[in-house]
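K.L.:
Sharing a structure below in structure tokens format, with a few things to ask.
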Amino acid sequence: MKLRAPRNRTLSCSIEEIGLLSQSHSRLSQPTDVFSLLDSVVQQSLFEAIPYLPKNFVDLLILDPPYNLSKDYHGYAFKAKEHEEYAEWFATLLSSLRPALKADATVYVCSDWKTSSIIVPVLEDHFHVRNRITWEREKGRGAKENWKNNTEDIWFCTVGDAYYFDVEAVKLKRKVIAPYRDAEGRPKDWNEGVEGNFRLTHPSNVWTDITIPFWSMPENTDHPTQKPEKLIAKLVLASSPEGSLVFDPFLGSGTTAVVCKKLNRRYLGIEQNAEYCCWAQKRLNRAASDPLIQGYADGVFWERNSLSDQKCEKTFASINGTNLSLFHE
């Protein structure tokens with residue numbers, strides 16, 4: 001395990017923990033029914049596991065595959081490919097996963113801007129592409145001869161024309177800059193409270209309220225491309241009712257599974273890296289006693305870094321006896 005600074009909350013696993021927790025993760029070697037897969041983490045190569053998955057059991061697929069970049073995932077290297085080769089690999093992936101989806105399933109696919117240009121034609125061959133979400137990563141690396149790259153894409157797709165979408169569950173709570181009132185002096189389309197003036201707004205496809213996990217946040221791991229819980233929570237709440245099954249075939253550090261556990265959804269995750277599975281299991285164990293998602297409180301998503309956001313979380317944390325330092329953005 002790495003030596004951490006005293007205030008560094010990055011989660012890690014010892015070699016002993018990896019070995020012990022690996023024993024609790026299953027591997028698929030024969031056709032499996034959906035009940036055997038509920039709320040489980042499968043430690044296995046995805047393409048090895050796919051043939052044993054049941055048919056038509058997934059309500060929501062969150063797909064965060066390796067982007068077309070050369071990157072080392074702690075011993076599992078992915079090498080950038082020529083565009084045609086990556087498109088072929090991605091098409092094979094979608095074709096393999098398609099039988100697992102229900103007729104009314106939703107699919108979200110994560111990507112960077114370069115990879116998006118490759119995968120969109122493939123997505124259109126398999127699904128109805130309904131929108132592109134662009135979210136601000138906030139940690140882009142600076143460049144002297146180019147614009148700083150700090151956004152990523154999430155492609156919103158569905159299997160068919162019938163699908164679940166709950167816009168009320170993903171409204172954003174924003175500060176009101178110009179608090180208009182009606183002729184009788186009452187707030188117009190906003191709420192006046194002790195903590196300030198706020199309005200619940202419909203979510204757009206541009207998200208600037210996301211904080212990337214960093215060293216002082218308990219959800220943080222050493223995964224090189226970890227997605228924030230708040231980001232995944234928006235997808236889960238919008239596109240799956242409670243009790244439905246969410247499938248993440250590239251589970252990584254476990255964010256999708258953890259969010260599902262906190263939001264009362266069933267989950268299945270597949271991840272081949274034993275250390276990542278260990279991180280995921282430790283986070284799942286912690287989620288049993290700590291259901292909070294940073295930036296999501298009182299049933300709404302709060303603007304990033306707002307004073308009222310922190311006050312709300314402070315109240316919520318004090319009620320639950322939780323350490324407030326876990327929730328400062």
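Naming works like this for the structure tokens: A, B, ... for the chains as they're shown, residue 1 at the start of each chain, ligands 1 onward in shown order.
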Need the shell around A:Leu235: protein/DNA/RNA residues with any atom at most 10 Å away, counting only C-alpha atoms. Skip same-chain ones fewer than 5 positions apart. Format as a CSV table (one decimal) with C-alpha atoms, in the first residue's frame?
P.N.:
```
chain,number,residue,atom,x,y,z
A,60,LEU,CA,-29.8,0.2,-17.5
A,61,LEU,CA,-26.4,-0.4,-19.1
A,62,ILE,CA,-23.6,2.0,-18.0
A,106,THR,CA,-31.4,2.5,-21.6
A,107,VAL,CA,-27.7,2.7,-22.4
A,108,TYR,CA,-25.2,5.3,-21.4
A,154,ILE,CA,-21.8,10.5,-22.2
A,156,PHE,CA,-27.6,8.7,-24.1
A,165,PHE,CA,-36.8,8.7,-17.9
A,170,VAL,CA,-32.5,14.8,-11.6
A,230,LYS,CA,-22.5,12.2,-8.4
A,240,SER,CA,-33.9,3.4,-13.7
A,256,THR,CA,-21.8,2.2,-10.4
```
K.L.:
I'd like to know which residues of stretch 92-173 of chain A are strand (DSSP E or B) (by DSSP, run on the backbone); could you write them as an mmCIF file with C-alpha atoms, in the first residue's frame?
P.N.:
```cif
data_model
loop_
_atom_site.group_PDB
_atom_site.id
_atom_site.type_symbol
_atom_site.label_atom_id
_atom_site.label_comp_id
_atom_site.auth_asym_id
_atom_site.auth_seq_id
_atom_site.Cartn_x
_atom_site.Cartn_y
_atom_site.Cartn_z
ATOM 1 C CA LEU A 101 -30.697 -5.806 -22.619
ATOM 2 C CA LYS A 102 -34.436 -5.574 -22.133
ATOM 3 C CA ALA A 103 -36.530 -4.124 -24.956
ATOM 4 C CA ASP A 104 -37.053 -0.899 -22.968
ATOM 5 C CA ALA A 105 -33.479 -0.649 -21.645
ATOM 6 C CA THR A 106 -31.379 2.512 -21.618
ATOM 7 C CA VAL A 107 -27.679 2.670 -22.443
ATOM 8 C CA TYR A 108 -25.174 5.346 -21.430
ATOM 9 C CA VAL A 109 -21.738 5.230 -23.051
ATOM 10 C CA CYS A 110 -18.799 7.247 -21.701
ATOM 11 C CA SER A 111 -16.221 8.656 -24.074
ATOM 12 C CA HIS A 128 -31.448 5.013 -30.804
ATOM 13 C CA VAL A 129 -28.978 7.792 -29.968
ATOM 14 C CA ARG A 130 -31.033 10.411 -28.112
ATOM 15 C CA ASN A 131 -28.520 12.940 -26.825
ATOM 16 C CA ARG A 132 -24.925 13.714 -25.947
ATOM 17 C CA ILE A 133 -24.147 14.801 -22.404
ATOM 18 C CA THR A 134 -20.973 16.823 -22.024
ATOM 19 C CA TRP A 135 -19.602 17.114 -18.512
ATOM 20 C CA GLU A 136 -16.774 19.220 -17.150
ATOM 21 C CA THR A 151 -14.677 17.701 -20.803
ATOM 22 C CA GLU A 152 -15.947 14.218 -21.571
ATOM 23 C CA ASP A 153 -19.036 12.856 -23.307
ATOM 24 C CA ILE A 154 -21.769 10.471 -22.242
ATOM 25 C CA TRP A 155 -23.991 9.215 -25.058
ATOM 26 C CA PHE A 156 -27.634 8.658 -24.081
ATOM 27 C CA CYS A 157 -29.102 5.762 -26.062
ATOM 28 C CA THR A 158 -32.118 3.478 -25.845
ATOM 29 C CA LEU A 172 -30.553 20.812 -10.365
ATOM 30 C CA LYS A 173 -30.858 23.229 -7.451
#
```
K.L.:
Here is a test: counting only C-alpha atoms, which residue of A:Leu231, A:Val167, A:Leu37, A:Val122 is nearest to A:Thr211?
P.N.:
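Distance minimum relative to A:Thr211 lands on A:Leu231.
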K.L.:
Need to verify the contact set: A:Leu21, 10 Å, only C-alpha atoms, exclusion of same-chain residues closer than 3 positions in sequence. Can you return it as an NGL selection string?
P.N.:
:A and (13 or 16-18 or 24-25 or 274-275 or 277-282)
K.L.:
Pick from A:Ile270, A:Val42, A:Leu94, A:Val259: nearest to A:Asp290, with only C-alpha atoms counted?
P.N.:
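Smallest separation from A:Asp290 among the options: A:Val259.
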K.L.:
Any idea what's packed within 9 Å of A:Ile119, counting only C-alpha atoms, ignoring anything in its chain fewer than 6 positions away? Could you give it as a PyMOL selection string?
P.N.:
chain A and resi 86-87+90-91+111
K.L.:
Could you write out that same residue set with C-alpha atoms as a compact mmCIF listing (two decimals), in the first residue's frame?
P.N.:
```txt
# COMPACT_ATOMS: atom_id res chain seq x y z
CA TYR A 86 -11.31 0.53 -32.52
CA ALA A 87 -14.69 0.84 -34.26
CA PHE A 90 -16.49 -1.45 -30.11
CA ALA A 91 -19.02 -2.97 -32.51
CA SER A 111 -16.22 8.66 -24.07
```
K.L.:
Hey, which of A:Tyr267, A:Trp302, A:Trp147, A:Tyr276 ends up closest to A:Val246? Count only C-alpha atoms.
P.N.:
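Smallest distance to A:Val246 is found for A:Tyr267.
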K.L.:
Which residue, A:Ala257, A:Asp125, A:Thr10, A:Gly269, has the smallest gap to A:Leu284 when you use only C-alpha atoms?
P.N.:
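The closest residue to A:Leu284 is A:Ala257.
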